[in-house]
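For reference, entry-v3.tsv (TSV, C-alpha atoms):
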```
chain	number	residue	atom	x	y	z
A	1	MET	CA	-4.60	-0.70	-15.60
A	2	LEU	CA	-2.10	-3.19	-14.17
A	3	VAL	CA	-3.52	-5.93	-11.96
A	4	ASP	CA	-1.61	-7.23	-8.96
A	5	GLY	CA	-2.01	-10.13	-6.55
A	6	ALA	CA	-1.15	-10.65	-2.90
A	7	ILE	CA	1.06	-13.15	-1.14
A	8	GLY	CA	1.21	-13.93	2.56
A	9	PHE	CA	4.03	-15.46	4.52
A	10	ASP	CA	4.27	-19.24	4.57
A	11	ALA	CA	7.79	-20.52	4.03
A	12	ARG	CA	6.37	-23.72	2.51
A	13	ASP	CA	4.13	-21.90	0.05
A	14	VAL	CA	5.44	-18.43	-0.85
A	15	ALA	CA	7.63	-19.44	-3.78
A	16	ALA	CA	5.03	-21.74	-5.32
A	17	ARG	CA	2.23	-19.20	-4.94
A	18	ALA	CA	4.35	-16.39	-6.39
A	19	ALA	CA	5.29	-18.53	-9.41
A	20	ALA	CA	1.67	-19.52	-9.95
A	21	LEU	CA	0.38	-15.93	-9.83
A	22	GLU	CA	3.08	-14.85	-12.29
A	23	ALA	CA	2.12	-17.69	-14.63
A	24	GLU	CA	-1.56	-16.67	-14.41
A	25	GLY	CA	-0.68	-13.23	-15.73
A	26	PHE	CA	-0.64	-10.92	-12.71
A	27	ASP	CA	1.56	-7.85	-13.14
A	28	GLY	CA	2.79	-7.55	-9.57
A	29	LEU	CA	2.68	-9.17	-6.14
A	30	TRP	CA	2.31	-7.30	-2.86
A	31	SER	CA	3.17	-8.44	0.64
A	32	ALA	CA	1.89	-6.70	3.78
A	33	GLU	CA	3.53	-6.10	7.14
A	34	THR	CA	1.09	-7.63	9.57
A	35	GLY	CA	2.43	-10.64	11.49
A	36	HIS	CA	5.49	-11.10	9.24
A	37	ASP	CA	8.16	-9.02	7.54
A	38	PRO	CA	7.11	-8.28	3.93
A	39	LEU	CA	10.66	-7.93	2.66
A	40	LEU	CA	11.47	-11.44	3.88
A	41	THR	CA	8.34	-12.73	2.15
A	42	LEU	CA	9.42	-11.11	-1.11
A	43	ALA	CA	12.94	-12.50	-0.70
A	44	LEU	CA	11.35	-15.95	-0.92
A	45	ALA	CA	9.23	-14.94	-3.91
A	46	ALA	CA	11.99	-13.26	-5.93
A	47	PRO	CA	13.96	-16.37	-7.01
A	48	ALA	CA	10.71	-18.11	-8.01
A	49	THR	CA	9.67	-15.33	-10.42
A	50	THR	CA	11.20	-13.44	-13.32
A	51	ARG	CA	8.69	-10.84	-14.52
A	52	VAL	CA	6.27	-9.60	-11.86
A	53	ALA	CA	6.93	-6.51	-9.77
A	54	LEU	CA	7.37	-7.27	-6.08
A	55	GLY	CA	5.93	-4.72	-3.68
A	56	THR	CA	5.59	-4.09	0.04
A	57	ALA	CA	2.19	-2.84	1.10
A	58	ILE	CA	3.52	-1.76	3.44
A	59	VAL	CA	6.80	-1.64	5.29
A	60	VAL	CA	6.20	0.33	8.50
A	61	ALA	CA	8.77	3.04	7.93
A	62	PHE	CA	8.78	4.62	11.35
A	63	GLY	CA	9.46	1.27	13.00
A	64	ARG	CA	12.89	1.22	11.30
A	65	SER	CA	15.67	3.69	10.63
A	66	PRO	CA	16.07	4.84	7.00
A	67	LEU	CA	19.42	3.04	6.83
A	68	ILE	CA	17.93	-0.32	7.81
A	69	THR	CA	15.15	0.00	5.24
A	70	ALA	CA	17.53	1.26	2.56
A	71	THR	CA	19.86	-1.69	3.14
A	72	MET	CA	17.14	-4.35	3.06
A	73	ALA	CA	15.52	-2.77	0.00
A	74	ASN	CA	18.85	-2.56	-1.83
A	75	ASP	CA	19.46	-6.27	-1.20
A	76	LEU	CA	15.99	-7.21	-2.43
A	77	GLN	CA	16.37	-4.98	-5.47
A	78	LEU	CA	19.51	-6.94	-6.32
A	79	LEU	CA	17.91	-10.32	-5.58
A	80	SER	CA	14.84	-9.57	-7.72
A	81	GLY	CA	16.73	-8.11	-10.65
A	82	GLY	CA	15.34	-4.62	-10.18
A	83	ARG	CA	11.67	-5.47	-9.60
A	84	LEU	CA	11.13	-4.07	-6.09
A	85	LEU	CA	8.41	-1.52	-5.36
A	86	LEU	CA	9.23	-0.34	-1.85
A	87	GLY	CA	5.92	0.70	-0.32
A	88	LEU	CA	6.29	2.68	2.91
A	89	GLY	CA	3.61	3.52	5.44
A	90	SER	CA	3.60	5.58	8.59
A	91	GLN	CA	1.20	3.44	10.66
A	92	ILE	CA	-0.51	5.39	13.46
A	93	LYS	CA	0.82	6.88	16.68
A	94	PRO	CA	-0.29	4.17	19.16
A	95	HIS	CA	1.35	1.40	17.13
A	96	ILE	CA	4.61	3.29	16.58
A	97	GLU	CA	4.96	4.30	20.22
A	98	LYS	CA	3.44	1.26	21.98
A	99	ARG	CA	4.13	-1.62	19.59
A	100	TYR	CA	7.41	-0.56	17.97
A	101	SER	CA	8.63	1.64	20.86
A	102	MET	CA	9.75	4.29	18.37
A	103	PRO	CA	9.22	8.08	18.25
A	104	TRP	CA	6.18	9.63	16.59
A	105	SER	CA	5.79	13.22	15.40
A	106	HIS	CA	4.73	15.16	12.29
A	107	PRO	CA	4.13	12.02	10.18
A	108	ALA	CA	3.97	13.70	6.77
A	109	ALA	CA	7.11	15.77	7.32
A	110	ARG	CA	8.86	12.76	8.83
A	111	MET	CA	7.92	10.55	5.85
A	112	ARG	CA	9.18	13.15	3.39
A	113	GLU	CA	12.50	13.25	5.20
A	114	TYR	CA	12.61	9.47	5.51
A	115	VAL	CA	12.41	9.04	1.72
A	116	LEU	CA	15.01	11.75	1.12
A	117	ALA	CA	17.33	10.14	3.67
A	118	MET	CA	17.09	6.78	1.88
A	119	ARG	CA	17.80	8.45	-1.44
A	120	ALA	CA	20.90	10.08	0.05
A	121	ILE	CA	22.07	6.71	1.37
A	122	TRP	CA	21.51	5.04	-1.99
A	123	ALA	CA	23.35	7.87	-3.76
A	124	SER	CA	26.37	7.32	-1.53
A	125	TRP	CA	26.45	3.68	-2.64
A	126	HIS	CA	25.52	4.05	-6.30
A	127	GLU	CA	27.22	7.32	-7.16
A	128	GLY	CA	30.00	7.49	-4.59
A	129	THR	CA	28.78	10.80	-3.17
A	130	ARG	CA	29.60	11.66	0.42
A	131	LEU	CA	26.81	10.73	2.81
A	132	PHE	CA	25.84	13.91	4.64
A	133	PHE	CA	22.13	13.96	5.34
A	134	ARG	CA	21.06	16.18	8.22
A	135	GLY	CA	17.35	16.65	8.75
A	136	GLU	CA	14.98	17.44	11.56
A	137	PHE	CA	14.22	13.78	12.30
A	138	TYR	CA	17.09	11.77	10.78
A	139	ARG	CA	20.84	12.20	10.42
A	140	HIS	CA	23.08	10.00	8.33
A	141	THR	CA	26.63	11.33	8.07
A	142	LEU	CA	28.83	8.24	8.26
A	143	MET	CA	29.37	5.61	5.56
A	144	THR	CA	32.72	3.84	5.64
A	145	PRO	CA	33.86	1.50	2.83
A	146	PHE	CA	33.44	-1.57	5.04
A	147	PHE	CA	29.67	-0.97	5.25
A	148	ASN	CA	29.18	0.28	1.69
A	149	PRO	CA	27.73	-2.43	-0.61
A	150	GLY	CA	28.71	-0.48	-3.71
A	151	PRO	CA	26.61	0.26	-6.79
A	152	ASN	CA	23.56	-1.87	-7.47
A	153	PRO	CA	23.41	-2.76	-11.19
A	154	HIS	CA	19.64	-2.25	-11.09
A	155	GLY	CA	19.77	1.13	-9.36
A	156	PRO	CA	17.64	2.01	-6.36
A	157	PRO	CA	14.11	0.60	-6.05
A	158	LYS	CA	11.02	2.64	-6.77
A	159	VAL	CA	9.51	4.09	-3.61
A	160	PHE	CA	5.77	4.16	-2.97
A	161	VAL	CA	4.22	6.08	-0.07
A	162	ALA	CA	0.93	5.00	1.49
A	163	ALA	CA	-1.47	7.83	2.25
A	164	VAL	CA	-5.02	8.65	3.28
A	165	GLY	CA	-4.84	12.33	4.22
A	166	GLU	CA	-3.99	15.20	1.93
A	167	ARG	CA	-0.62	16.11	3.43
A	168	MET	CA	0.81	12.58	3.18
A	169	THR	CA	-0.55	12.35	-0.37
A	170	GLU	CA	1.26	15.57	-1.24
A	171	VAL	CA	4.47	14.02	0.12
A	172	ALA	CA	4.00	11.05	-2.21
A	173	GLY	CA	3.65	13.43	-5.15
A	174	GLU	CA	6.71	15.37	-4.13
A	175	VAL	CA	9.30	12.67	-3.33
A	176	ALA	CA	7.99	9.21	-4.28
A	177	ASP	CA	7.60	7.12	-7.42
A	178	GLY	CA	4.17	5.84	-6.43
A	179	LEU	CA	1.18	6.35	-4.17
A	180	LEU	CA	-0.35	3.45	-2.27
A	181	VAL	CA	-3.99	4.40	-1.80
A	182	HIS	CA	-5.37	3.04	1.45
A	183	PRO	CA	-8.21	0.50	0.96
A	184	PHE	CA	-10.38	2.78	3.12
A	185	THR	CA	-11.28	5.11	0.27
A	186	THR	CA	-14.08	5.82	-2.18
A	187	GLU	CA	-14.19	6.89	-5.79
A	188	ARG	CA	-15.40	10.32	-4.72
A	189	TYR	CA	-12.61	10.74	-2.18
A	190	LEU	CA	-10.04	9.65	-4.77
A	191	ARG	CA	-11.25	12.13	-7.35
A	192	GLU	CA	-12.05	15.09	-5.09
A	193	VAL	CA	-9.33	14.83	-2.44
A	194	THR	CA	-6.56	12.35	-3.27
A	195	LEU	CA	-5.76	13.27	-6.88
A	196	PRO	CA	-5.74	17.06	-6.28
A	197	ALA	CA	-3.39	16.55	-3.31
A	198	LEU	CA	-1.14	14.32	-5.43
A	199	GLU	CA	-1.06	16.98	-8.15
A	200	ARG	CA	-0.01	19.61	-5.60
A	201	GLY	CA	2.89	17.42	-4.53
A	202	LEU	CA	3.90	16.79	-8.12
A	203	ALA	CA	3.82	20.52	-8.82
A	204	THR	CA	6.17	21.11	-5.89
A	205	SER	CA	8.69	18.69	-7.41
A	206	GLY	CA	8.13	19.96	-10.96
A	207	ARG	CA	6.94	16.59	-12.21
A	208	GLY	CA	3.94	15.45	-14.23
A	209	ARG	CA	1.25	12.91	-13.36
A	210	ASP	CA	3.07	10.17	-15.29
A	211	ALA	CA	5.94	10.34	-12.79
A	212	VAL	CA	3.89	8.58	-10.10
A	213	GLN	CA	1.94	5.32	-10.23
A	214	VAL	CA	-1.26	5.16	-8.18
A	215	ALA	CA	-1.87	1.72	-6.69
A	216	LEU	CA	-5.07	0.63	-4.92
A	217	SER	CA	-5.94	-2.56	-3.08
A	218	GLY	CA	-9.68	-2.21	-3.51
A	219	MET	CA	-12.50	-3.97	-1.71
A	220	VAL	CA	-14.88	-6.03	-3.82
A	221	VAL	CA	-17.97	-8.02	-2.82
A	222	ALA	CA	-19.49	-10.81	-4.92
A	223	GLU	CA	-23.22	-11.40	-4.51
A	224	ASP	CA	-23.56	-14.75	-6.27
A	225	ASP	CA	-23.93	-17.35	-3.52
A	226	ASP	CA	-23.67	-17.91	0.21
A	227	ALA	CA	-19.95	-18.75	0.10
A	228	ARG	CA	-19.09	-15.57	-1.76
A	229	ARG	CA	-21.53	-13.45	0.25
A	230	ARG	CA	-19.51	-14.24	3.36
A	231	GLY	CA	-17.07	-11.72	1.92
A	232	ALA	CA	-19.69	-8.99	2.38
A	233	LEU	CA	-19.81	-9.62	6.12
A	234	GLU	CA	-16.05	-9.56	6.45
A	235	THR	CA	-15.84	-6.45	4.26
A	236	ARG	CA	-18.37	-4.63	6.44
A	237	ARG	CA	-16.27	-5.47	9.49
A	238	GLN	CA	-13.10	-4.35	7.73
A	239	ILE	CA	-14.68	-1.02	6.75
A	240	ALA	CA	-15.88	-0.60	10.34
A	241	PHE	CA	-12.39	-1.32	11.69
A	242	TYR	CA	-10.82	1.32	9.45
A	243	ALA	CA	-13.65	3.79	10.10
A	244	SER	CA	-12.98	3.58	13.86
A	245	THR	CA	-9.54	5.17	13.32
A	246	PRO	CA	-9.55	8.95	13.96
A	247	ALA	CA	-6.85	9.55	11.34
A	248	TYR	CA	-9.17	8.21	8.60
A	249	ARG	CA	-12.19	10.31	9.52
A	250	GLY	CA	-11.74	12.67	6.57
A	251	VAL	CA	-13.07	10.04	4.16
A	252	LEU	CA	-16.26	9.74	6.22
A	253	ASP	CA	-16.55	13.52	6.55
A	254	LEU	CA	-16.66	13.94	2.78
A	255	HIS	CA	-19.71	11.69	2.57
A	256	GLY	CA	-21.50	13.11	5.61
A	257	TRP	CA	-20.86	10.00	7.73
A	258	ALA	CA	-18.67	11.62	10.40
A	259	ASP	CA	-20.90	10.35	13.23
A	260	LEU	CA	-19.84	6.79	12.45
A	261	GLN	CA	-16.25	7.32	13.56
A	262	PRO	CA	-16.72	8.07	17.29
A	263	ARG	CA	-19.35	5.33	17.64
A	264	LEU	CA	-17.10	2.74	16.03
A	265	ASN	CA	-14.07	3.95	17.96
A	266	GLU	CA	-15.93	3.45	21.24
A	267	MET	CA	-16.98	-0.05	20.19
A	268	SER	CA	-13.39	-0.91	19.26
A	269	ARG	CA	-12.18	0.14	22.70
A	270	GLU	CA	-14.82	-2.17	24.19
A	271	GLY	CA	-13.64	-5.05	21.99
A	272	ARG	CA	-16.97	-5.34	20.14
A	273	TRP	CA	-15.28	-6.12	16.84
A	274	GLU	CA	-17.93	-8.36	15.31
A	275	GLU	CA	-20.78	-5.98	16.18
A	276	MET	CA	-19.03	-3.04	14.51
A	277	GLY	CA	-19.83	-4.36	11.03
A	278	GLU	CA	-23.55	-4.02	11.73
A	279	LEU	CA	-23.19	-0.22	11.53
A	280	ILE	CA	-21.98	-0.42	7.92
A	281	ASP	CA	-25.16	-0.22	5.85
A	282	ASP	CA	-25.50	-0.93	2.12
A	283	GLU	CA	-24.85	2.69	1.13
A	284	VAL	CA	-21.53	2.75	2.98
A	285	LEU	CA	-20.61	-0.73	1.70
A	286	ASP	CA	-21.28	0.32	-1.90
A	287	ALA	CA	-19.15	3.45	-1.53
A	288	PHE	CA	-16.11	1.63	-0.15
A	289	SER	CA	-16.34	-1.54	-2.23
A	290	VAL	CA	-17.30	-2.69	-5.72
A	291	VAL	CA	-20.39	-4.88	-5.29
A	292	GLY	CA	-22.07	-7.17	-7.81
A	293	PRO	CA	-22.18	-10.62	-9.40
A	294	VAL	CA	-18.68	-11.97	-9.76
A	295	GLU	CA	-18.74	-11.87	-13.57
A	296	THR	CA	-19.37	-8.10	-13.48
A	297	LEU	CA	-16.70	-7.13	-10.96
A	298	GLY	CA	-13.82	-6.64	-13.40
A	299	ARG	CA	-15.85	-4.33	-15.60
A	300	ALA	CA	-17.17	-2.48	-12.54
A	301	VAL	CA	-13.62	-1.88	-11.28
A	302	LEU	CA	-12.70	-0.38	-14.65
A	303	GLU	CA	-15.76	1.85	-14.69
A	304	ARG	CA	-15.04	3.14	-11.20
A	305	PHE	CA	-11.28	3.60	-11.29
A	306	SER	CA	-10.14	4.07	-14.92
A	307	GLY	CA	-8.13	7.25	-15.25
A	308	VAL	CA	-7.56	7.34	-11.49
A	309	VAL	CA	-5.73	4.12	-10.57
A	310	ASP	CA	-2.72	2.65	-12.42
A	311	ARG	CA	-2.40	-0.58	-10.44
A	312	PHE	CA	-5.29	-2.49	-8.84
A	313	SER	CA	-5.46	-5.52	-6.58
A	314	VAL	CA	-8.39	-7.16	-4.82
A	315	TYR	CA	-8.38	-6.61	-1.06
A	316	PRO	CA	-8.16	-9.98	0.79
A	317	SER	CA	-11.55	-9.66	2.53
A	318	ALA	CA	-13.34	-10.58	-0.72
A	319	HIS	CA	-13.45	-14.37	-0.04
A	320	LEU	CA	-13.12	-15.10	-3.77
A	321	GLY	CA	-11.72	-18.27	-5.26
A	322	ALA	CA	-8.65	-18.38	-7.48
A	323	GLY	CA	-10.83	-18.70	-10.58
A	324	ASP	CA	-12.84	-15.63	-9.60
A	325	LEU	CA	-9.71	-13.56	-9.05
A	326	ASP	CA	-8.24	-14.69	-12.36
A	327	ALA	CA	-11.45	-13.74	-14.19
A	328	ILE	CA	-11.43	-10.28	-12.60
A	329	ARG	CA	-7.75	-9.86	-13.51
A	330	ALA	CA	-8.31	-10.87	-17.13
A	331	ARG	CA	-11.29	-8.53	-17.55
A	332	ILE	CA	-9.42	-5.54	-16.17
A	333	GLN	CA	-6.33	-6.21	-18.26
A	334	ARG	CA	-8.43	-6.38	-21.42
A	335	GLY	CA	-9.54	-2.82	-20.69
```
Using structure tokens, write down the structure that the file contains.
Amino acid sequence: MLVDGAIGFDARDVAARAAALEAEGFDGLWSAETGHDPLLTLALAAPATTRVALGTAIVVAFGRSPLITATMANDLQLLSGGRLLLGLGSQIKPHIEKRYSMPWSHPAARMREYVLAMRAIWASWHEGTRLFFRGEFYRHTLMTPFFNPGPNPHGPPKVFVAAVGERMTEVAGEVADGLLVHPFTTERYLREVTLPALERGLATSGRGRDAVQVALSGMVVAEDDDARRRGALETRRQIAFYASTPAYRGVLDLHGWADLQPRLNEMSREGRWEEMGELIDDEVLDAFSVVGPVETLGRAVLERFSGVVDRFSVYPSAHLGAGDLDAIRARIQRG
């Protein structure tokens, strides 16, 4: 199992942090699209590193046209020497329509087409084929020499698709190089729902399981002392936040916790964010996060996710120190 780290955006710190995490032995670094653009963050990290994979977790695909994403990803693939893992996510309807002011419809079908459109654009640059992509949601039929960057010596980047539901997971298996498992998941959901859906997508494309990497940013909670236990409170609130989202209800349904979703959704609309975590009891916390003394967490991650996850990173809510994270990384990498 590969172990990855996370980097946030701070122009004064990104390069130094990326170099330090690479030196510590992490296999990859992921940057999220929250308040900053993850591709810009990775552009700062790329010159400071030589070995680690650089991933977006995620780029909000439907907030951009396939051509814009393909262009930015191609540039970062060149800048990083072929180390980009382009993680795409759909986001949810309110954010796409009200925050990005972009169209929303049929997210799984749209994501499938989005990836295929990017691949057609890259093929026109790398292989000189005529760009003629006409789909239900996207059309790209013009590529003049002035706007063609030409072949990238490192080829196109690997594409990861973020998914929770079965249909989007099938899309990842069909057209992507990797699956970004949402942190709001459990071992049972991974084994009973996610992997079978991924296999169905792989079967559609005629590929085997080794064609797709499964990456998870998993929640962990250390129980050792008051400072570390603060991570449990934040993790409960994070689980509650995700559980309030109707699109993620299927994970709760599998465990018989469906009643949580409407209650948490109502509290979120009322702005009762801190109170929401109080509804996440120990059983729910244990299902969504690996809990234990810090020295046991690496082994516990292996026991829970070996054979299911190819790349693992610790979700930021853990409140762990650098030494704790490095110990977890080392234990997982030892196998």
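Closest to Val301 of chain A among A:Gly81, A:Gly271, A:Gly321, A:Gly335 is A:Gly335, based on only C-alpha atoms.
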Non-local contacts of Trp30 of chain A (7 Å; all atoms listed in the file; under 3 positions in same chain excluded) as a VMD selection string: chain A and resid 5 to 7 54 to 57
Nearest to Phe160 of chain A, chosen from A:Glu136, A:Ile58, A:Met118, A:Gly256, with only C-alpha atoms counted in the distances: A:Ile58
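Contact shell of Pro262 of chain A at 10 Å (all atoms listed in the file; same-chain neighbours under 5 positions omitted): Ala243, Ser244, Thr245, Pro246, Arg249, Met267 and Ser268 of chain A.
Once only C-alpha atoms are considered, the residues situated within 10 Å of the file point (-4.1, -2.4, -16.4) turn out to be Met1, Leu2, Val3, Asp4, Phe26, Asp27, Leu302, Ser306, Val309, Asp310, Arg311, Phe312, Arg329, Ala330, Arg331, Ile332, Gln333, Arg334 and Gly335 of chain A.
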Of the candidates A:Thr204, A:Gln77, A:Ser105, A:Thr41, which one gets nearest to Pro156 of chain A if we count all atoms listed in the file? A:Gln77
Where is the centre and how long are the edges: axis-aligned box on segment 146-150 of chain A, 5 Å on each side, Å to one decimal, as AutoDock Vina command-line options:
```
--center_x 30.6 --center_y -1.1 --center_z 0.8 --size_x 15.7 --size_y 12.7 --size_z 19.0
```
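Coordinates place atom CA of Ser101 of chain A at a distance of 25.1 Å from atom CA of Gly8 of chain A.
Here atom CA of Ala108 of chain A and atom CA of Thr186 of chain A stand 21.6 Å from one another.
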Mind giving me the straight-line distance from atom CA of Leu264 of chain A to atom CA of Ala247 of chain A in Å, one decimal? 13.2 Å
Go through A:Ser90, A:Pro157, A:Met102, A:Trp125 and flag the residue nearest Ala73 of chain A, using all atoms listed in the file for the distances. A:Pro157
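Between Met219 of chain A and the residues A:Val115, A:Ala163, A:Ile239, A:Ala176, the shortest atom-to-atom distance, using only C-alpha atoms, involves A:Ile239.
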Please determine the residues with any atom at most 9 Å from (-12.7, 0.6, -0.6) (coordinates as given in the file, with only C-alpha atoms counting) and report them as an NGL selection string. :A and (182-187 or 216-220 or 239 or 285-290 or 315)
Once you have the residues from the selection above, write them out as a PDB file, in the frame of the given file, restricted to C-alpha atoms.
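See out.pdb below for the written result:
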```
ATOM      1  CA  HIS A 182      -5.370   3.040   1.450  1.00  0.00           C
ATOM      2  CA  PRO A 183      -8.210   0.500   0.960  1.00  0.00           C
ATOM      3  CA  PHE A 184     -10.380   2.780   3.120  1.00  0.00           C
ATOM      4  CA  THR A 185     -11.280   5.110   0.270  1.00  0.00           C
ATOM      5  CA  THR A 186     -14.080   5.820  -2.180  1.00  0.00           C
ATOM      6  CA  GLU A 187     -14.190   6.890  -5.790  1.00  0.00           C
ATOM      7  CA  LEU A 216      -5.070   0.630  -4.920  1.00  0.00           C
ATOM      8  CA  SER A 217      -5.940  -2.560  -3.080  1.00  0.00           C
ATOM      9  CA  GLY A 218      -9.680  -2.210  -3.510  1.00  0.00           C
ATOM     10  CA  MET A 219     -12.500  -3.970  -1.710  1.00  0.00           C
ATOM     11  CA  VAL A 220     -14.880  -6.030  -3.820  1.00  0.00           C
ATOM     12  CA  ILE A 239     -14.680  -1.020   6.750  1.00  0.00           C
ATOM     13  CA  LEU A 285     -20.610  -0.730   1.700  1.00  0.00           C
ATOM     14  CA  ASP A 286     -21.280   0.320  -1.900  1.00  0.00           C
ATOM     15  CA  ALA A 287     -19.150   3.450  -1.530  1.00  0.00           C
ATOM     16  CA  PHE A 288     -16.110   1.630  -0.150  1.00  0.00           C
ATOM     17  CA  SER A 289     -16.340  -1.540  -2.230  1.00  0.00           C
ATOM     18  CA  VAL A 290     -17.300  -2.690  -5.720  1.00  0.00           C
ATOM     19  CA  TYR A 315      -8.380  -6.610  -1.060  1.00  0.00           C
TER      20      TYR A 315
END
```
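The closest residue to Gly206 of chain A, picked from A:Glu192, A:Ile328, A:Gly150, A:Glu174 and counting all atoms listed in the file, is A:Glu174.
Residues surrounding Asp224 of chain A within 12 Å are Arg228, Arg229, Arg230, Gly231, Ala232, Val291, Gly292, Pro293, Val294, Glu295, Thr296, Leu297, His319, Leu320 and Asp324 of chain A [only C-alpha atoms; sequence separation below 4 positions excluded].
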Convert the current residue selection to file output with C-alpha atoms, as a CSV table (one decimal), in the frame of the given file.
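Heads up, here's the output in part.csv:
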```csv
chain,number,residue,atom,x,y,z
A,228,ARG,CA,-19.1,-15.6,-1.8
A,229,ARG,CA,-21.5,-13.4,0.2
A,230,ARG,CA,-19.5,-14.2,3.4
A,231,GLY,CA,-17.1,-11.7,1.9
A,232,ALA,CA,-19.7,-9.0,2.4
A,291,VAL,CA,-20.4,-4.9,-5.3
A,292,GLY,CA,-22.1,-7.2,-7.8
A,293,PRO,CA,-22.2,-10.6,-9.4
A,294,VAL,CA,-18.7,-12.0,-9.8
A,295,GLU,CA,-18.7,-11.9,-13.6
A,296,THR,CA,-19.4,-8.1,-13.5
A,297,LEU,CA,-16.7,-7.1,-11.0
A,319,HIS,CA,-13.4,-14.4,0.0
A,320,LEU,CA,-13.1,-15.1,-3.8
A,324,ASP,CA,-12.8,-15.6,-9.6
```
Who sits within 7 Å of Val164 of chain A, only C-alpha atoms, same chain under 5 positions skipped, as JSON, numbers by chain: {"A": [169, 181, 182, 248]}
Where atoms are absent from segment 6-21 of chain A, fill them in so it carries N, CA and C atoms, then output it as a PDB file, keeping the file's coordinate frame.
```
ATOM      1  N   ALA A   6      -1.711 -10.743  -4.240  1.00  0.00           N
ATOM      2  CA  ALA A   6      -1.150 -10.650  -2.900  1.00  0.00           C
ATOM      3  C   ALA A   6      -0.590 -11.979  -2.470  1.00  0.00           C
ATOM      4  N   ILE A   7       0.485 -11.932  -1.701  1.00  0.00           N
ATOM      5  CA  ILE A   7       1.060 -13.150  -1.140  1.00  0.00           C
ATOM      6  C   ILE A   7       1.283 -12.940   0.349  1.00  0.00           C
ATOM      7  N   GLY A   8       0.943 -13.942   1.129  1.00  0.00           N
ATOM      8  CA  GLY A   8       1.210 -13.930   2.560  1.00  0.00           C
ATOM      9  C   GLY A   8       2.458 -14.726   2.855  1.00  0.00           C
ATOM     10  N   PHE A   9       2.806 -14.765   4.144  1.00  0.00           N
ATOM     11  CA  PHE A   9       4.030 -15.460   4.520  1.00  0.00           C
ATOM     12  C   PHE A   9       3.731 -16.888   4.941  1.00  0.00           C
ATOM     13  N   ASP A  10       4.258 -17.820   4.204  1.00  0.00           N
ATOM     14  CA  ASP A  10       4.270 -19.240   4.570  1.00  0.00           C
ATOM     15  C   ASP A  10       5.484 -19.820   3.859  1.00  0.00           C
ATOM     16  N   ALA A  11       6.517 -20.104   4.625  1.00  0.00           N
ATOM     17  CA  ALA A  11       7.790 -20.520   4.030  1.00  0.00           C
ATOM     18  C   ALA A  11       7.634 -21.723   3.110  1.00  0.00           C
ATOM     19  N   ARG A  12       6.586 -22.530   3.333  1.00  0.00           N
ATOM     20  CA  ARG A  12       6.370 -23.720   2.510  1.00  0.00           C
ATOM     21  C   ARG A  12       5.638 -23.389   1.219  1.00  0.00           C
ATOM     22  N   ASP A  13       5.070 -22.167   1.119  1.00  0.00           N
ATOM     23  CA  ASP A  13       4.130 -21.900   0.050  1.00  0.00           C
ATOM     24  C   ASP A  13       4.438 -20.641  -0.755  1.00  0.00           C
ATOM     25  N   VAL A  14       5.231 -19.719  -0.208  1.00  0.00           N
ATOM     26  CA  VAL A  14       5.440 -18.430  -0.850  1.00  0.00           C
ATOM     27  C   VAL A  14       5.964 -18.568  -2.272  1.00  0.00           C
ATOM     28  N   ALA A  15       7.021 -19.329  -2.449  1.00  0.00           N
ATOM     29  CA  ALA A  15       7.630 -19.440  -3.780  1.00  0.00           C
ATOM     30  C   ALA A  15       6.658 -20.031  -4.785  1.00  0.00           C
ATOM     31  N   ALA A  16       5.960 -21.100  -4.396  1.00  0.00           N
ATOM     32  CA  ALA A  16       5.030 -21.740  -5.320  1.00  0.00           C
ATOM     33  C   ALA A  16       3.869 -20.815  -5.670  1.00  0.00           C
ATOM     34  N   ARG A  17       3.348 -20.102  -4.674  1.00  0.00           N
ATOM     35  CA  ARG A  17       2.230 -19.200  -4.940  1.00  0.00           C
ATOM     36  C   ARG A  17       2.672 -18.034  -5.835  1.00  0.00           C
ATOM     37  N   ALA A  18       3.847 -17.492  -5.562  1.00  0.00           N
ATOM     38  CA  ALA A  18       4.350 -16.390  -6.390  1.00  0.00           C
ATOM     39  C   ALA A  18       4.520 -16.831  -7.838  1.00  0.00           C
ATOM     40  N   ALA A  19       5.103 -18.016  -8.048  1.00  0.00           N
ATOM     41  CA  ALA A  19       5.290 -18.530  -9.410  1.00  0.00           C
ATOM     42  C   ALA A  19       3.958 -18.756 -10.100  1.00  0.00           C
ATOM     43  N   ALA A  20       2.983 -19.253  -9.352  1.00  0.00           N
ATOM     44  CA  ALA A  20       1.670 -19.520  -9.950  1.00  0.00           C
ATOM     45  C   ALA A  20       0.974 -18.223 -10.348  1.00  0.00           C
ATOM     46  N   LEU A  21       1.027 -17.207  -9.513  1.00  0.00           N
ATOM     47  CA  LEU A  21       0.380 -15.930  -9.830  1.00  0.00           C
ATOM     48  C   LEU A  21       1.060 -15.262 -11.029  1.00  0.00           C
TER      49      LEU A  21
END
```
